[in-house]
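Next comes work_4.tsv, with TSV, C-alpha atoms (C1' of nucleotides) and all ligand atoms.
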chain	number	residue	atom	x	y	z
A	1	MET	CA	-27.88	6.88	-0.60
A	2	ARG	CA	-28.11	10.32	1.00
A	3	LEU	CA	-27.98	8.50	4.28
A	4	THR	CA	-24.66	6.76	3.69
A	5	HIS	CA	-23.35	9.98	2.18
A	6	LYS	CA	-23.74	11.75	5.44
A	7	GLN	CA	-22.75	8.65	7.40
A	8	PHE	CA	-19.42	8.49	5.59
A	9	ARG	CA	-18.66	12.16	6.06
A	10	GLU	CA	-19.23	11.84	9.77
A	11	LEU	CA	-17.17	8.68	10.09
A	12	ALA	CA	-14.33	10.18	8.06
A	13	ALA	CA	-14.34	13.36	10.12
A	14	LYS	CA	-14.23	11.31	13.30
A	15	HIS	CA	-11.08	9.54	12.06
A	16	GLY	CA	-9.46	12.61	10.58
A	17	LEU	CA	-9.73	11.23	7.07
A	18	PRO	CA	-10.05	13.71	4.21
A	19	VAL	CA	-13.16	12.96	2.18
A	20	THR	CA	-12.70	12.45	-1.54
A	21	HIS	CA	-15.22	11.54	-4.17
A	22	GLN	CA	-13.54	8.15	-4.68
A	23	ARG	CA	-13.58	7.35	-0.99
A	24	GLN	CA	-17.18	8.33	-0.71
A	25	VAL	CA	-18.20	6.06	-3.57
A	26	VAL	CA	-16.04	3.12	-2.46
A	27	TYR	CA	-17.51	3.29	1.01
A	28	GLU	CA	-21.04	3.48	-0.31
A	29	ALA	CA	-20.43	0.49	-2.56
A	30	VAL	CA	-19.39	-1.57	0.44
A	31	ILE	CA	-22.40	-0.86	2.57
A	32	ALA	CA	-24.93	-0.60	-0.24
A	33	SER	CA	-25.26	-4.38	-0.11
A	34	HIS	CA	-25.26	-6.08	3.23
A	35	ARG	CA	-22.80	-8.68	2.07
A	36	HIS	CA	-19.13	-9.51	2.30
A	37	HIS	CA	-17.49	-8.39	-0.89
A	38	SER	CA	-14.09	-8.73	-2.50
A	39	PRO	CA	-12.07	-5.78	-3.79
A	40	GLU	CA	-12.94	-6.81	-7.34
A	41	ASP	CA	-16.63	-6.74	-6.50
A	42	ILE	CA	-16.29	-3.25	-5.11
A	43	TYR	CA	-14.20	-2.18	-8.07
A	44	ALA	CA	-16.89	-3.37	-10.49
A	45	ALA	CA	-19.60	-1.55	-8.57
A	46	VAL	CA	-17.66	1.68	-8.21
A	47	ARG	CA	-16.75	1.75	-11.88
A	48	ARG	CA	-20.37	2.23	-12.76
A	49	ARG	CA	-20.23	5.60	-11.02
A	50	ILE	CA	-16.57	6.50	-11.62
A	51	PRO	CA	-15.47	4.72	-14.80
A	52	SER	CA	-11.95	6.13	-14.54
A	53	ILE	CA	-11.25	4.82	-11.05
A	54	SER	CA	-8.18	2.69	-10.58
A	55	LEU	CA	-8.18	-0.71	-8.93
A	56	ALA	CA	-5.27	0.48	-6.79
A	57	THR	CA	-7.43	3.23	-5.38
A	58	VAL	CA	-10.03	0.71	-4.36
A	59	TYR	CA	-7.40	-1.40	-2.61
A	60	ASN	CA	-5.79	1.63	-1.01
A	61	ASN	CA	-9.00	2.93	0.39
A	62	LEU	CA	-10.32	-0.42	1.55
A	63	ARG	CA	-7.06	-0.94	3.48
A	64	LEU	CA	-7.30	2.56	4.84
A	65	PHE	CA	-10.88	2.06	5.96
A	66	ILE	CA	-10.02	-1.22	7.63
A	67	GLU	CA	-7.10	0.33	9.49
A	68	CYS	CA	-9.22	3.24	10.66
A	69	GLY	CA	-12.01	0.92	11.70
A	70	LEU	CA	-14.54	2.21	9.17
A	71	LEU	CA	-14.80	-1.29	7.75
A	72	ARG	CA	-14.17	-4.71	9.12
A	73	GLU	CA	-12.03	-7.33	7.42
A	74	VAL	CA	-13.86	-10.62	7.14
A	75	THR	CA	-10.78	-12.73	6.52
A	76	PRO	CA	-8.37	-11.99	9.33
A	77	HIS	CA	-6.15	-14.94	8.58
A	78	ALA	CA	-2.66	-15.30	7.26
A	79	SER	CA	-2.84	-14.85	3.53
A	80	THR	CA	-1.27	-18.22	2.85
A	81	LEU	CA	-2.51	-21.73	3.30
A	82	ARG	CA	-1.93	-23.28	6.71
A	83	VAL	CA	-2.30	-26.96	7.48
A	84	ASP	CA	-3.02	-28.82	10.67
A	85	GLY	CA	-2.13	-32.44	11.31
A	86	ASN	CA	-4.29	-32.67	14.38
A	87	LEU	CA	-7.53	-34.37	13.39
A	88	GLU	CA	-9.02	-34.42	16.85
A	89	PRO	CA	-11.96	-32.02	16.93
A	90	HIS	CA	-10.61	-28.80	18.32
A	91	HIS	CA	-10.99	-25.07	17.86
A	92	HIS	CA	-8.61	-22.24	17.08
A	93	LEU	CA	-7.64	-19.00	18.65
A	94	VAL	CA	-6.42	-16.56	16.01
A	95	CYS	CA	-4.60	-13.30	16.55
A	96	SER	CA	-6.15	-10.60	14.41
A	97	ARG	CA	-2.88	-8.74	14.20
A	98	CYS	CA	-0.07	-11.27	13.68
A	99	LYS	CA	-2.34	-14.03	12.40
A	100	SER	CA	-0.88	-16.66	14.68
A	101	VAL	CA	-3.06	-19.68	15.38
A	102	GLN	CA	-3.20	-21.78	18.50
A	103	ASP	CA	-5.37	-24.66	19.48
A	104	ILE	CA	-8.05	-24.22	22.06
A	105	GLU	CA	-10.16	-26.84	23.73
A	106	GLY	CA	-13.31	-26.90	25.70
A	107	ASP	CA	-17.03	-26.72	25.18
A	108	PHE	CA	-17.61	-23.04	25.18
A	109	ILE	CA	-20.36	-23.10	22.60
A	110	ASP	CA	-24.00	-23.30	23.45
A	111	LEU	CA	-25.07	-25.52	20.58
A	112	LYS	CA	-28.73	-25.10	21.41
A	113	ARG	CA	-28.60	-21.34	21.12
A	114	LEU	CA	-26.37	-21.54	18.08
A	115	SER	CA	-28.68	-23.81	16.16
A	116	ARG	CA	-31.59	-21.56	17.03
A	117	GLN	CA	-29.83	-18.79	15.09
A	118	LEU	CA	-28.80	-21.07	12.26
A	119	PRO	CA	-30.38	-20.51	8.84
A	120	GLY	CA	-32.25	-23.55	7.56
A	121	GLY	CA	-30.22	-26.23	5.89
A	122	PHE	CA	-26.87	-25.18	7.29
A	123	ASP	CA	-24.95	-28.34	8.16
A	124	LEU	CA	-23.08	-28.07	11.42
A	125	SER	CA	-22.47	-31.73	12.05
A	126	GLN	CA	-19.02	-31.15	13.47
A	127	PRO	CA	-18.76	-27.45	14.16
A	128	LEU	CA	-15.39	-25.79	13.90
A	129	ILE	CA	-14.96	-22.50	15.66
A	130	GLU	CA	-12.39	-19.78	15.36
A	131	VAL	CA	-12.14	-17.11	18.01
A	132	PHE	CA	-10.37	-13.89	17.08
A	133	GLY	CA	-8.57	-11.62	19.45
A	134	LEU	CA	-5.06	-10.37	20.19
A	135	CYS	CA	-2.33	-12.76	21.24
A	136	ARG	CA	-0.25	-12.02	24.28
A	137	SER	CA	2.68	-10.40	22.49
A	138	CYS	CA	0.47	-8.32	20.22
A	139	SER	CA	-1.70	-7.04	23.02
A	140	ALA	CA	1.44	-6.18	24.99
A	141	LYS	CA	2.84	-4.14	22.10
A	142	LYS	CA	-0.14	-1.85	21.70
B	1	MET	CA	9.14	-41.07	13.47
B	2	ARG	CA	8.46	-44.80	13.16
B	3	LEU	CA	5.10	-44.07	14.64
B	4	THR	CA	4.01	-41.55	12.06
B	5	HIS	CA	5.51	-43.80	9.41
B	6	LYS	CA	3.06	-46.50	10.21
B	7	GLN	CA	0.30	-44.01	10.92
B	8	PHE	CA	0.62	-42.54	7.44
B	9	ARG	CA	0.60	-45.91	5.73
B	10	GLU	CA	-2.58	-46.85	7.51
B	11	LEU	CA	-4.27	-43.54	6.80
B	12	ALA	CA	-3.26	-43.67	3.15
B	13	ALA	CA	-4.50	-47.22	2.77
B	14	LYS	CA	-7.80	-46.26	4.33
B	15	HIS	CA	-8.24	-43.52	1.73
B	16	GLY	CA	-6.94	-45.54	-1.19
B	17	LEU	CA	-3.93	-43.29	-1.62
B	18	PRO	CA	-0.75	-44.81	-3.06
B	19	VAL	CA	2.13	-44.24	-0.67
B	20	THR	CA	5.20	-42.58	-2.09
B	21	HIS	CA	8.36	-41.53	-0.36
B	22	GLN	CA	7.54	-37.85	-0.96
B	23	ARG	CA	4.06	-38.20	0.51
B	24	GLN	CA	5.40	-40.00	3.51
B	25	VAL	CA	7.92	-37.28	4.24
B	26	VAL	CA	5.51	-34.39	3.60
B	27	TYR	CA	2.98	-35.91	5.95
B	28	GLU	CA	5.57	-36.48	8.63
B	29	ALA	CA	6.78	-32.91	8.33
B	30	VAL	CA	3.29	-31.62	9.00
B	31	ILE	CA	2.68	-33.59	12.14
B	32	ALA	CA	6.21	-33.54	13.45
B	33	SER	CA	5.50	-30.15	14.94
B	34	HIS	CA	2.15	-29.54	16.53
B	35	ARG	CA	1.75	-26.23	14.76
B	36	HIS	CA	-0.04	-24.71	11.81
B	37	HIS	CA	2.42	-24.46	8.98
B	38	SER	CA	2.50	-22.92	5.55
B	39	PRO	CA	3.45	-24.85	2.41
B	40	GLU	CA	6.78	-23.04	2.37
B	41	ASP	CA	7.48	-24.16	5.93
B	42	ILE	CA	6.76	-27.73	4.98
B	43	TYR	CA	8.84	-27.42	1.83
B	44	ALA	CA	11.82	-26.18	3.83
B	45	ALA	CA	11.49	-29.03	6.31
B	46	VAL	CA	11.04	-31.73	3.68
B	47	ARG	CA	14.02	-30.51	1.67
B	48	ARG	CA	16.31	-31.49	4.48
B	49	ARG	CA	15.33	-35.10	3.84
B	50	ILE	CA	14.63	-34.96	0.09
B	51	PRO	CA	16.72	-32.12	-1.36
B	52	SER	CA	15.38	-32.74	-4.85
B	53	ILE	CA	11.73	-32.40	-3.95
B	54	SER	CA	9.71	-29.85	-5.87
B	55	LEU	CA	7.57	-27.18	-4.27
B	56	ALA	CA	4.75	-28.26	-6.58
B	57	THR	CA	4.84	-31.73	-5.08
B	58	VAL	CA	4.43	-30.27	-1.63
B	59	TYR	CA	1.44	-28.24	-2.77
B	60	ASN	CA	-0.07	-31.16	-4.66
B	61	ASN	CA	0.18	-33.48	-1.73
B	62	LEU	CA	-1.01	-31.00	0.86
B	63	ARG	CA	-4.10	-30.34	-1.27
B	64	LEU	CA	-4.56	-34.06	-1.74
B	65	PHE	CA	-4.28	-34.72	1.98
B	66	ILE	CA	-6.74	-31.97	2.76
B	67	GLU	CA	-9.24	-33.32	0.26
B	68	CYS	CA	-8.93	-36.84	1.63
B	69	GLY	CA	-9.23	-35.62	5.18
B	70	LEU	CA	-5.73	-36.63	6.23
B	71	LEU	CA	-5.03	-33.02	7.12
B	72	ARG	CA	-7.16	-30.10	8.06
B	73	GLU	CA	-6.97	-26.72	6.42
B	74	VAL	CA	-6.63	-23.94	8.98
B	75	THR	CA	-7.69	-21.15	6.65
B	76	PRO	CA	-11.00	-22.23	5.18
B	77	HIS	CA	-11.82	-18.79	3.83
B	78	ALA	CA	-12.03	-17.34	0.37
B	79	SER	CA	-8.49	-16.66	-0.71
B	80	THR	CA	-9.21	-13.01	-1.35
B	81	LEU	CA	-9.91	-10.12	0.96
B	82	ARG	CA	-13.53	-9.62	1.97
B	83	VAL	CA	-14.87	-6.50	3.62
B	84	ASP	CA	-17.84	-5.91	5.84
B	85	GLY	CA	-19.54	-2.57	6.31
B	86	ASN	CA	-21.51	-3.75	9.32
B	87	LEU	CA	-19.72	-2.48	12.42
B	88	GLU	CA	-22.26	-3.81	14.89
B	89	PRO	CA	-20.66	-6.66	16.84
B	90	HIS	CA	-21.75	-9.83	15.09
B	91	HIS	CA	-20.38	-13.23	14.17
B	92	HIS	CA	-20.01	-15.13	10.93
B	93	LEU	CA	-21.12	-18.42	9.57
B	94	VAL	CA	-18.70	-19.63	6.91
B	95	CYS	CA	-19.22	-22.45	4.44
B	96	SER	CA	-16.13	-24.63	4.34
B	97	ARG	CA	-16.82	-25.62	0.76
B	98	CYS	CA	-17.97	-22.53	-1.16
B	99	LYS	CA	-16.51	-20.03	1.33
B	100	SER	CA	-19.68	-17.99	1.53
B	101	VAL	CA	-20.08	-15.85	4.64
B	102	GLN	CA	-23.28	-14.87	6.36
B	103	ASP	CA	-23.93	-12.94	9.52
B	104	ILE	CA	-25.12	-14.70	12.61
B	105	GLU	CA	-26.36	-13.19	15.82
B	106	GLY	CA	-26.91	-14.38	19.31
B	107	ASP	CA	-24.95	-15.15	22.42
B	108	PHE	CA	-23.98	-18.71	21.81
B	109	ILE	CA	-20.61	-18.43	23.50
B	110	ASP	CA	-20.03	-19.25	27.09
B	111	LEU	CA	-17.48	-16.56	27.81
B	112	LYS	CA	-16.76	-17.94	31.24
B	113	ARG	CA	-15.75	-21.32	29.89
B	114	LEU	CA	-13.91	-19.77	27.00
B	115	SER	CA	-11.76	-17.56	29.17
B	116	ARG	CA	-10.98	-20.51	31.38
B	117	GLN	CA	-9.33	-22.14	28.34
B	118	LEU	CA	-7.64	-18.96	27.22
B	119	PRO	CA	-3.84	-18.76	27.40
B	120	GLY	CA	-2.63	-15.94	29.60
B	121	GLY	CA	-2.45	-12.52	28.05
B	122	PHE	CA	-4.78	-13.24	25.17
B	123	ASP	CA	-6.95	-10.17	24.68
B	124	LEU	CA	-10.56	-11.02	23.92
B	125	SER	CA	-12.10	-7.65	24.68
B	126	GLN	CA	-14.60	-7.89	21.83
B	127	PRO	CA	-14.53	-11.51	20.72
B	128	LEU	CA	-15.27	-12.27	17.09
B	129	ILE	CA	-16.34	-15.77	16.27
B	130	GLU	CA	-16.49	-17.69	13.06
B	131	VAL	CA	-18.42	-20.92	12.84
B	132	PHE	CA	-17.58	-23.26	9.98
B	133	GLY	CA	-19.94	-25.73	8.41
B	134	LEU	CA	-21.69	-26.39	5.12
B	135	CYS	CA	-24.19	-23.91	3.72
B	136	ARG	CA	-27.58	-25.10	2.57
B	137	SER	CA	-26.75	-25.45	-1.11
B	138	CYS	CA	-23.41	-27.16	-0.47
B	139	SER	CA	-24.84	-29.64	1.99
B	140	ALA	CA	-27.63	-30.39	-0.47
B	141	LYS	CA	-25.15	-31.14	-3.26
B	142	LYS	CA	-23.22	-33.75	-1.38
C	1	DT	C1'	12.50	-57.16	-19.80
C	2	DA	C1'	8.94	-54.30	-22.10
C	3	DT	C1'	4.65	-51.84	-21.26
C	4	DT	C1'	1.91	-48.63	-19.02
C	5	DG	C1'	-0.17	-45.47	-15.85
C	6	DA	C1'	0.77	-42.53	-12.02
C	7	DA	C1'	3.73	-39.37	-9.51
C	8	DT	C1'	7.32	-36.09	-9.58
C	9	DA	C1'	10.39	-32.19	-11.03
C	10	DA	C1'	11.20	-28.21	-13.54
C	11	DT	C1'	9.33	-24.40	-14.91
C	12	DA	C1'	5.87	-21.40	-17.04
C	13	DA	C1'	1.64	-19.09	-16.20
C	14	DC	C1'	-1.69	-16.92	-13.51
C	15	DT	C1'	-4.02	-14.13	-9.87
C	16	DA	C1'	-4.34	-11.17	-6.06
C	17	DT	C1'	-2.06	-7.66	-4.03
C	18	DT	C1'	1.45	-4.10	-3.17
C	19	DA	C1'	4.92	-0.71	-4.61
C	20	DT	C1'	6.46	2.98	-7.49
C	21	DA	C1'	6.39	7.07	-10.02
C	22	DA	C1'	4.12	10.51	-12.54
C	23	DA	C1'	0.03	13.25	-13.12
C	24	DA	C1'	-3.98	15.48	-11.22
C	25	DC	C1'	-6.22	17.59	-7.54
C	26	DG	C1'	-7.42	21.01	-4.10
C	27	DA	C1'	-7.09	23.89	-0.09
C	28	DG	C1'	-4.81	28.01	1.36
C	29	DC	C1'	-2.61	32.26	0.22
C	30	DG	C1'	-0.65	36.33	-2.28
D	1	DC	C1'	-7.95	34.46	-9.89
D	2	DG	C1'	-2.96	32.00	-10.41
D	3	DC	C1'	0.67	29.80	-7.67
D	4	DT	C1'	2.41	26.40	-4.30
D	5	DC	C1'	2.69	22.38	-1.77
D	6	DG	C1'	1.16	18.28	0.13
D	7	DT	C1'	-2.12	14.65	-0.79
D	8	DT	C1'	-4.60	11.56	-3.72
D	9	DT	C1'	-5.22	9.14	-7.76
D	10	DT	C1'	-3.82	6.76	-11.82
D	11	DA	C1'	-1.12	3.75	-14.62
D	12	DT	C1'	1.80	0.30	-14.45
D	13	DA	C1'	5.59	-2.59	-12.74
D	14	DA	C1'	6.79	-5.85	-9.33
D	15	DT	C1'	6.00	-9.48	-6.07
D	16	DA	C1'	4.14	-13.58	-3.75
D	17	DG	C1'	1.50	-17.51	-3.57
D	18	DT	C1'	-0.41	-20.91	-6.12
D	19	DT	C1'	-1.74	-23.68	-10.10
D	20	DA	C1'	-0.97	-25.60	-14.77
D	21	DT	C1'	1.88	-27.83	-18.10
D	22	DT	C1'	4.92	-31.08	-19.70
D	23	DA	C1'	8.79	-34.05	-19.87
D	24	DT	C1'	10.90	-37.37	-16.93
D	25	DT	C1'	11.09	-40.89	-13.57
D	26	DC	C1'	9.26	-44.63	-11.09
D	27	DA	C1'	7.03	-48.81	-9.86
D	28	DA	C1'	3.91	-52.35	-10.78
D	29	DT	C1'	2.49	-55.67	-13.90
D	30	DA	C1'	2.33	-58.87	-17.99
A	201	MN	MN	-5.06	-26.91	15.30
A	202	MN	MN	-20.77	-9.54	8.58
A	203	ZN	ZN	-0.47	-11.58	17.61
A	204	ZN	ZN	-21.40	-23.54	0.54

Would you mind writing the file's structure down as structure tokens?
Amino acid sequence: MRLTHKQFRELAAKHGLPVTHQRQVVYEAVIASHRHHSPEDIYAAVRRRIPSISLATVYNNLRLFIECGLLREVTPHASTLRVDGNLEPHHHLVCSRCKSVQDIEGDFIDLKRLSRQLPGGFDLSQPLIEVFGLCRSCSAKK
Amino acid sequence: MRLTHKQFRELAAKHGLPVTHQRQVVYEAVIASHRHHSPEDIYAAVRRRIPSISLATVYNNLRLFIECGLLREVTPHASTLRVDGNLEPHHHLVCSRCKSVQDIEGDFIDLKRLSRQLPGGFDLSQPLIEVFGLCRSCSAKK
DNA sequence: TATTGAATAATAACTATTATAAAACGAGCG
DNA sequence: CGCTCGTTTTATAATAGTTATTATTCAATA
């Protein structure tokens, strides 16, 4: 863990973020496992080192880290259910900022290469793809 | 609307779903616009034709339609925030059933073709891709 | 028409997340 | 050292989206 200790201090300095013990431990909990965890997961892990930590602190710092680019959000969708009546196979273009979704067509996937990277047993019989970026109005704004 | 009227009756029959007035109208509201709507959007639209409808009925029927394959869910992620400490550019493989996420590497996107399909102004400077399918254990189960 | 099972409406409950306010902290300074 | 001030954390209330519960309505059948 000495490694991530230093890693966090450097990252925080680069983004002008004051380092606190809580932040340090939250960050380390995220990268300790190479997985994609929920705030509750992180909270449970951090509590083993800081039993008094508040769930709000975990949320606050995860949000902060995501905004600063220290962490990546794995679920860059609108937080509510969205439905699609179009059953034709098609893909989606999602704006990471405003969460808007538009259809996109075309065979831009190299299925051969993709399946070469695929872990065994993964069923990709009709692959659905989402491509994330910034929509026109969002990329104009910033 | 006569078209979707008939279309819904046929789809419902195919899936053994009893047709009710509410279901008919909810379905029509979804495909009336070629967009990706939230349950509240649908609720607002349906209320103009059935003022007494309950929000729960909208939710129930949207879920039902998704399960039967009459509609597609646009947000097939875990419903809670997930964070990723890996900042190296990489893509994700998401299981549509259990919502598990794993990293996937490799250049399986034809960026030339993709940008040909891209609407003007969409910023794809570092494209993130998510590929949806069924993970090994989920595809084994069913 | 009476019976019965399914769908709906009204509303309560629940869960994830955010907002608020008070307490604790900590760097800088006399 | 103590004090001060801005920041962070904690505890908790509030909110939003969704699901569960239950009484009512509906529609098909006998
Ligand atoms: Mn679509
Ligand atoms: Mn990842
Ligand atoms: Zn946008
Ligand atoms: Zn799965």

Report task. Pick out the residues sitting within 12 Å of stretch 8-17 of chain D, and hand them over as a PyMOL selection string; count only C-alpha atoms (C1' of nucleotides), and ignore anything fewer than 5 positions along from it in its own chain. Result -> (chain A and resi 17-23+52-61+78-81) or (chain B and resi 38-40+55-56+59+79-80) or (chain C and resi 14-26)

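For the atom pair formed by atom CA of B:Leu111 and atom CA of A:Phe108, the distance is 7.0 Å, given to one decimal.
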
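Atom CA of B:Val94 sits 7.6 Å away from atom CA of B:Leu134.
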
Using only C-alpha atoms (C1' of nucleotides) and a cut-off of 12 Å, which residues of chain D sit close to chain B? Please list them as a PDB file with C-alpha atoms (C1' of nucleotides), in the frame of the given file.
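File written: part.pdb
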ATOM      1  C1'  DA D  16       4.140 -13.580  -3.750  1.00  0.00           C
ATOM      2  C1'  DG D  17       1.500 -17.510  -3.570  1.00  0.00           C
ATOM      3  C1'  DT D  18      -0.410 -20.910  -6.120  1.00  0.00           C
ATOM      4  C1'  DT D  19      -1.740 -23.680 -10.100  1.00  0.00           C
ATOM      5  C1'  DA D  20      -0.970 -25.600 -14.770  1.00  0.00           C
ATOM      6  C1'  DT D  21       1.880 -27.830 -18.100  1.00  0.00           C
ATOM      7  C1'  DC D  26       9.260 -44.630 -11.090  1.00  0.00           C
ATOM      8  C1'  DA D  27       7.030 -48.810  -9.860  1.00  0.00           C
ATOM      9  C1'  DA D  28       3.910 -52.350 -10.780  1.00  0.00           C
TER      10       DA D  28
END

Report task. Dump the neighbourhood of ligand ZN 203 (chain A) as a ChimeraX atom specification: all residues within 8 Å, distances computed on only C-alpha atoms (C1' of nucleotides) and all ligand atoms. Result -> /A:94-100,134-139

Please write the residues from the selection above to a file, keeping C-alpha atoms, as a PDB file, in the frame of the given file.
ATOM      1  CA  VAL A  94      -6.420 -16.560  16.010  1.00  0.00           C
ATOM      2  CA  CYS A  95      -4.600 -13.300  16.550  1.00  0.00           C
ATOM      3  CA  SER A  96      -6.150 -10.600  14.410  1.00  0.00           C
ATOM      4  CA  ARG A  97      -2.880  -8.740  14.200  1.00  0.00           C
ATOM      5  CA  CYS A  98      -0.070 -11.270  13.680  1.00  0.00           C
ATOM      6  CA  LYS A  99      -2.340 -14.030  12.400  1.00  0.00           C
ATOM      7  CA  SER A 100      -0.880 -16.660  14.680  1.00  0.00           C
ATOM      8  CA  LEU A 134      -5.060 -10.370  20.190  1.00  0.00           C
ATOM      9  CA  CYS A 135      -2.330 -12.760  21.240  1.00  0.00           C
ATOM     10  CA  ARG A 136      -0.250 -12.020  24.280  1.00  0.00           C
ATOM     11  CA  SER A 137       2.680 -10.400  22.490  1.00  0.00           C
ATOM     12  CA  CYS A 138       0.470  -8.320  20.220  1.00  0.00           C
ATOM     13  CA  SER A 139      -1.700  -7.040  23.020  1.00  0.00           C
TER      14      SER A 139
END

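Here atom CA of B:Arg72 and atom CA of A:His36 stand 24.5 Å from one another.
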
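Near ligand MN 201 (chain A), at distances of 7 Å or less and with all atoms listed in the file counted, sit the residues A:Asp84, A:Asn86, A:His90, A:His91, A:His92, A:Gln102, A:Asp103, B:Arg35, B:His36.
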
Query raised in the report: What would the list of residues within 12 Å of (-24.7, 1.4, -0.2) (file frame) look like as number ranges by chain, if all atoms listed in the file are what count?
Result: A: 1-8, 24-35, 42, 45-46; B: 84-86
